[in-house]
Every structure is written in structure tokens, then in C-alpha cells.
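See below for input-v4.cif, which holds mmCIF, C-alpha atoms, pLDDT in the B column; chains and numbers go by the auth columns.
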```
data_entry
loop_
_atom_site.group_PDB
_atom_site.id
_atom_site.type_symbol
_atom_site.label_atom_id
_atom_site.label_comp_id
_atom_site.label_asym_id
_atom_site.label_seq_id
_atom_site.Cartn_x
_atom_site.Cartn_y
_atom_site.Cartn_z
_atom_site.B_iso_or_equiv
_atom_site.auth_seq_id
_atom_site.auth_asym_id
ATOM 1 C CA ARG A 1 127.204 129.405 51.322 49.00 1 S
ATOM 2 C CA ARG A 2 124.356 131.436 49.865 52.00 2 S
ATOM 3 C CA PRO A 3 123.743 131.326 46.115 50.00 3 S
ATOM 4 C CA THR A 4 124.055 134.822 44.717 53.00 4 S
ATOM 5 C CA SER A 5 122.790 134.298 41.212 54.00 5 S
ATOM 6 C CA VAL A 6 119.688 132.946 39.492 56.00 6 S
ATOM 7 C CA SER A 7 120.990 133.150 35.877 48.00 7 S
ATOM 8 C CA PRO A 8 124.778 133.362 36.045 48.00 8 S
ATOM 9 C CA THR A 9 125.295 133.124 32.267 47.00 9 S
ATOM 10 C CA SER A 10 123.250 136.196 31.365 48.00 10 S
ATOM 11 C CA LEU A 11 124.977 139.493 30.692 64.00 11 S
ATOM 12 C CA SER A 12 122.041 141.631 31.841 87.00 12 S
ATOM 13 C CA THR A 13 121.995 140.766 35.529 93.00 13 S
ATOM 14 C CA MET A 14 121.310 143.250 38.275 96.00 14 S
ATOM 15 C CA LYS A 15 121.568 143.201 42.050 97.00 15 S
ATOM 16 C CA LEU A 16 118.490 143.037 44.237 98.00 16 S
ATOM 17 C CA LEU A 17 118.407 143.696 47.968 98.00 17 S
ATOM 18 C CA ILE A 18 116.494 140.778 49.506 98.00 18 S
ATOM 19 C CA LYS A 19 114.837 141.337 52.887 98.00 19 S
ATOM 20 C CA PRO A 20 113.557 137.931 54.012 98.00 20 S
ATOM 21 C CA ARG A 21 110.934 137.449 56.719 98.00 21 S
ATOM 22 C CA LEU A 22 109.752 134.325 58.507 97.00 22 S
ATOM 23 C CA GLN A 23 106.104 134.428 59.601 97.00 23 S
ATOM 24 C CA LYS A 24 105.337 131.903 62.336 96.00 24 S
ATOM 25 C CA ASP A 25 101.666 131.052 62.769 95.00 25 S
ATOM 26 C CA LYS A 26 100.524 129.213 65.898 94.00 26 S
ATOM 27 C CA TRP A 27 97.997 126.949 64.173 92.00 27 S
ATOM 28 C CA SER A 28 95.125 125.481 66.180 92.00 28 S
ATOM 29 C CA VAL A 29 94.549 121.913 65.067 90.00 29 S
ATOM 30 C CA TYR A 30 91.145 122.011 66.773 89.00 30 S
ATOM 31 C CA TRP A 31 89.890 125.355 65.402 92.00 31 S
ATOM 32 C CA LYS A 32 91.771 124.997 62.075 93.00 32 S
ATOM 33 C CA THR A 33 92.945 128.610 62.143 93.00 33 S
ATOM 34 C CA SER A 34 95.858 130.777 63.173 93.00 34 S
ATOM 35 C CA MET A 35 95.679 131.757 66.833 93.00 35 S
ATOM 36 C CA ALA A 36 98.753 134.039 66.843 95.00 36 S
ATOM 37 C CA THR A 37 101.316 135.300 64.358 96.00 37 S
ATOM 38 C CA ARG A 38 104.884 136.448 64.861 97.00 38 S
ATOM 39 C CA THR A 39 107.113 137.733 62.061 97.00 39 S
ATOM 40 C CA LEU A 40 110.891 137.451 62.339 97.00 40 S
ATOM 41 C CA THR A 41 113.222 139.660 60.301 98.00 41 S
ATOM 42 C CA LEU A 42 116.113 137.662 58.840 98.00 42 S
ATOM 43 C CA ASP A 43 119.433 139.069 57.601 98.00 43 S
ATOM 44 C CA SER A 44 119.199 140.990 54.322 98.00 44 S
ATOM 45 C CA PHE A 45 121.436 140.003 51.413 98.00 45 S
ATOM 46 C CA GLU A 46 122.078 140.857 47.770 97.00 46 S
ATOM 47 C CA LEU A 47 121.117 138.586 44.900 97.00 47 S
ATOM 48 C CA ASP A 48 122.132 138.819 41.220 96.00 48 S
ATOM 49 C CA VAL A 49 119.249 138.137 38.820 96.00 49 S
ATOM 50 C CA ASP A 50 118.327 138.651 35.179 96.00 50 S
ATOM 51 C CA PRO A 51 115.011 140.554 35.358 96.00 51 S
ATOM 52 C CA ALA A 52 114.084 139.572 31.794 96.00 52 S
ATOM 53 C CA VAL A 53 114.270 135.849 32.634 96.00 53 S
ATOM 54 C CA VAL A 54 113.534 135.341 36.344 97.00 54 S
ATOM 55 C CA THR A 55 109.893 135.007 37.453 97.00 55 S
ATOM 56 C CA GLY A 56 108.409 135.756 40.860 97.00 56 S
ATOM 57 C CA LYS A 57 108.172 132.030 41.603 96.00 57 S
ATOM 58 C CA GLN A 58 111.812 131.405 40.648 97.00 58 S
ATOM 59 C CA LEU A 59 112.924 134.322 42.794 98.00 59 S
ATOM 60 C CA ARG A 60 111.037 133.005 45.838 97.00 60 S
ATOM 61 C CA ALA A 61 112.536 129.523 45.364 96.00 61 S
ATOM 62 C CA THR A 62 116.053 130.959 45.082 97.00 62 S
ATOM 63 C CA VAL A 63 115.600 133.065 48.220 97.00 63 S
ATOM 64 C CA ALA A 64 114.234 130.056 50.163 97.00 64 S
ATOM 65 C CA ALA A 65 117.267 127.987 49.144 96.00 65 S
ATOM 66 C CA ALA A 66 119.634 130.858 50.004 96.00 66 S
ATOM 67 C CA ILE A 67 118.338 131.113 53.574 96.00 67 S
ATOM 68 C CA GLY A 68 118.169 127.346 54.067 96.00 68 S
ATOM 69 C CA LEU A 69 114.408 126.730 53.880 96.00 69 S
ATOM 70 C CA GLN A 70 112.993 123.590 52.338 94.00 70 S
ATOM 71 C CA PRO A 71 111.298 123.911 48.924 93.00 71 S
ATOM 72 C CA GLU A 72 107.682 125.087 48.995 92.00 72 S
ATOM 73 C CA LYS A 73 106.373 121.960 47.230 90.00 73 S
ATOM 74 C CA THR A 74 107.682 119.720 50.051 92.00 74 S
ATOM 75 C CA LEU A 75 105.813 121.514 52.858 92.00 75 S
ATOM 76 C CA CYS A 76 102.947 119.737 54.619 89.00 76 S
ATOM 77 C CA ARG A 77 99.707 121.675 55.033 89.00 77 S
ATOM 78 C CA LEU A 78 97.678 121.459 58.208 91.00 78 S
ATOM 79 C CA GLU A 79 93.931 121.095 57.836 91.00 79 S
ATOM 80 C CA GLY A 80 92.299 124.468 57.184 93.00 80 S
ATOM 81 C CA PHE A 81 95.466 126.239 55.989 94.00 81 S
ATOM 82 C CA VAL A 82 94.774 127.432 52.425 94.00 82 S
ATOM 83 C CA GLU A 83 97.027 130.503 52.133 95.00 83 S
ATOM 84 C CA PRO A 84 100.145 130.537 49.954 95.00 84 S
ATOM 85 C CA TRP A 85 103.329 129.469 51.773 96.00 85 S
ATOM 86 C CA GLU A 86 105.432 132.276 50.334 97.00 86 S
ATOM 87 C CA LEU A 87 105.154 135.721 48.851 96.00 87 S
ATOM 88 C CA ALA A 88 107.544 138.302 47.450 98.00 88 S
ATOM 89 C CA MET A 89 106.805 142.023 47.265 98.00 89 S
ATOM 90 C CA HIS A 90 108.322 145.010 45.489 98.00 90 S
ATOM 91 C CA LYS A 91 107.157 148.505 46.502 96.00 91 S
ATOM 92 C CA GLY A 92 104.186 147.013 48.370 95.00 92 S
ATOM 93 C CA ARG A 93 102.940 144.882 45.466 96.00 93 S
ATOM 94 C CA GLU A 94 103.049 141.116 45.379 97.00 94 S
ATOM 95 C CA LEU A 95 105.103 139.616 42.546 97.00 95 S
ATOM 96 C CA ASP A 96 103.107 137.269 40.291 97.00 96 S
ATOM 97 C CA ASP A 97 104.376 133.705 39.924 96.00 97 S
ATOM 98 C CA ASP A 98 104.597 133.507 36.151 96.00 98 S
ATOM 99 C CA LYS A 99 105.625 137.030 35.140 97.00 99 S
ATOM 100 C CA THR A 100 109.260 138.060 34.818 97.00 100 S
ATOM 101 C CA LEU A 101 110.648 140.666 37.175 97.00 101 S
ATOM 102 C CA LYS A 102 110.995 143.045 34.204 96.00 102 S
ATOM 103 C CA ASP A 103 107.280 142.610 33.396 97.00 103 S
ATOM 104 C CA LEU A 104 106.517 143.321 37.049 96.00 104 S
ATOM 105 C CA GLY A 105 108.459 146.600 36.984 96.00 105 S
ATOM 106 C CA VAL A 106 111.534 145.390 38.881 96.00 106 S
ATOM 107 C CA GLU A 107 114.243 146.851 36.638 92.00 107 S
ATOM 108 C CA GLU A 108 116.190 149.203 38.892 94.00 108 S
ATOM 109 C CA GLU A 109 119.610 148.160 40.197 96.00 109 S
ATOM 110 C CA GLY A 110 119.444 147.648 43.962 96.00 110 S
ATOM 111 C CA SER A 111 115.643 147.261 44.073 97.00 111 S
ATOM 112 C CA THR A 112 114.361 145.973 47.407 98.00 112 S
ATOM 113 C CA ILE A 113 112.353 142.746 47.473 98.00 113 S
ATOM 114 C CA VAL A 114 110.664 141.661 50.706 98.00 114 S
ATOM 115 C CA THR A 115 109.964 137.932 50.906 98.00 115 S
ATOM 116 C CA VAL A 116 107.804 136.154 53.476 98.00 116 S
ATOM 117 C CA ARG A 117 107.777 132.404 54.234 98.00 117 S
ATOM 118 C CA LYS A 118 104.986 131.113 56.464 96.00 118 S
ATOM 119 C CA VAL A 119 105.752 128.426 59.038 94.00 119 S
ATOM 120 C CA LEU A 120 102.963 126.618 60.856 93.00 120 S
ATOM 121 C CA VAL A 121 103.458 125.638 64.483 92.00 121 S
ATOM 122 C CA ALA A 122 100.703 123.151 65.354 90.00 122 S
ATOM 123 C CA GLU A 123 99.071 123.621 68.724 88.00 123 S
ATOM 124 C CA GLY A 124 96.275 121.762 70.411 78.00 124 S
ATOM 125 C CA TRP A 125 94.932 118.304 70.036 68.00 125 S
ATOM 126 C CA LYS A 126 92.454 116.380 67.998 60.00 126 S
ATOM 127 C CA ILE A 127 90.887 113.020 68.787 62.00 127 S
ATOM 128 C CA ILE A 128 91.612 110.500 66.079 66.00 128 S
ATOM 129 C CA GLN A 129 89.644 107.287 66.298 64.00 129 S
ATOM 130 C CA GLU A 130 90.437 104.125 64.424 68.00 130 S
ATOM 131 C CA ASP A 131 86.923 103.815 63.046 59.00 131 S
ATOM 132 C CA ASP A 132 85.150 106.280 60.750 51.00 132 S
ATOM 133 C CA GLU A 133 82.876 107.612 63.503 52.00 133 S
ATOM 134 C CA ASP A 134 82.777 111.318 64.278 48.00 134 S
ATOM 135 C CA SER A 135 84.826 112.342 67.294 45.00 135 S
ATOM 136 C CA ASP A 136 82.437 115.175 68.143 46.00 136 S
ATOM 137 C CA THR A 137 80.329 115.078 71.268 40.00 137 S
ATOM 138 C CA GLU A 138 76.676 114.557 70.440 42.00 138 S
ATOM 139 C CA GLU A 139 73.763 115.629 72.664 40.00 139 S
ATOM 140 C CA ASP A 140 72.940 111.928 73.167 44.00 140 S
ATOM 141 C CA ASP A 141 76.376 111.442 74.783 36.00 141 S
ATOM 142 C CA PHE A 142 75.496 113.644 77.799 27.00 142 S
#
```

Output the structure of this file as C-alpha cells.
Amino acid sequence: RRPTSVSPTSLSTMKLLIKPRLQKDKWSVYWKTSMATRTLTLDSFELDVDPAVVTGKQLRATVAAAIGLQPEKTLCRLEGFVEPWELAMHKGRELDDDKTLKDLGVEEEGSTIVTVRKVLVAEGWKIIQEDDEDSDTEEDDF
């Protein structure tokens, strides 16, 4: 069951239309970069929030829980991946982590929020040796 409320005790809640996306990046372990990206559109749903209390970060966490994704802080980064795991946008602008939705201009009933969660799919190989030696091929090795 999806949670439908961030602050259920508040009297000034409003409904948001959440349009979640899942961005899958094929991550090269060797090159330490994304080699291909595919974005999946998940089912939209409504969420009740208090715009004067809820921040961008809280909204993203609530949406992740609602669609069954693990919390952002528990995700494991692959070497070279430095981008944020999640983002939320309203009218093409990214919502700041620490500002309330009201401060960010999200005050209209039925406002659309697009959220994106990045998922890394590791591809490739990397030689891991038990000693601290480099695993690169040196000119002397030829």
C-alpha cells in the first residue's frame, strides 16, 4: 500500500500529482562512466503534502518509499559515480533539498512533480589483485 501523506496531522495539505521515473545507467566499471541510459516511466499517483512543512528532500524520500525503492542513504556508489541519486522537478526546475515546497513555489492544488531515481547497472570487469600493485599494463610488460 502506498503512503498518501507526508504530514497527515496538518490542516493545510494539498494534493500533488507525482510522476516517477526510473533512470537506468549501464555503468562501465572499467571506464567509470555511464555507457547508456534508459528512462522508464512508472505509474503516476497522487500524494497529500503540507507545502509549508515538506522539503524537497522529504518529498523525494516519501516518493521513493511509495514506489518501493530503498532509501537513498543506503545505496552503494560505483567508482566514478558522483551525481545525485534522486531529483524532483516542478515546472522544469529542480526542487532544493532544504527549502519547503511553498518556498519553492509549489502551492497550487494538483501541481505536477516529476521525480527521477537513478539506478546503476554495473557492466564490465576490473582486475583486483590481492597486493597493492597496479593492475594496469605497463610498457615493460610487453

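Atom pair CA of Asp43 in chain S / CA of Pro84 in chain S: separated by 22.4 Å.
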
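Put simply, CA of Lys91 in chain S is 18.7 Å away from CA of Asp50 in chain S.
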
Fill in: Selection result for the PyMOL selection byres ((chain S and resi 61) around 12) on this file, as a PyMOL selection string
chain S and resi 3+6+54-60+62-74+85-88+97+115-117

Worksheet item: Which is closest to Val121 in chain S among S:Met14, S:Leu78, S:Ala52, S:Leu47, if we use all atoms listed in the file?
Response: S:Leu78

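Taking CA of Thr39 in chain S and CA of Pro20 in chain S as the two end points, the separation is 10.3 Å.
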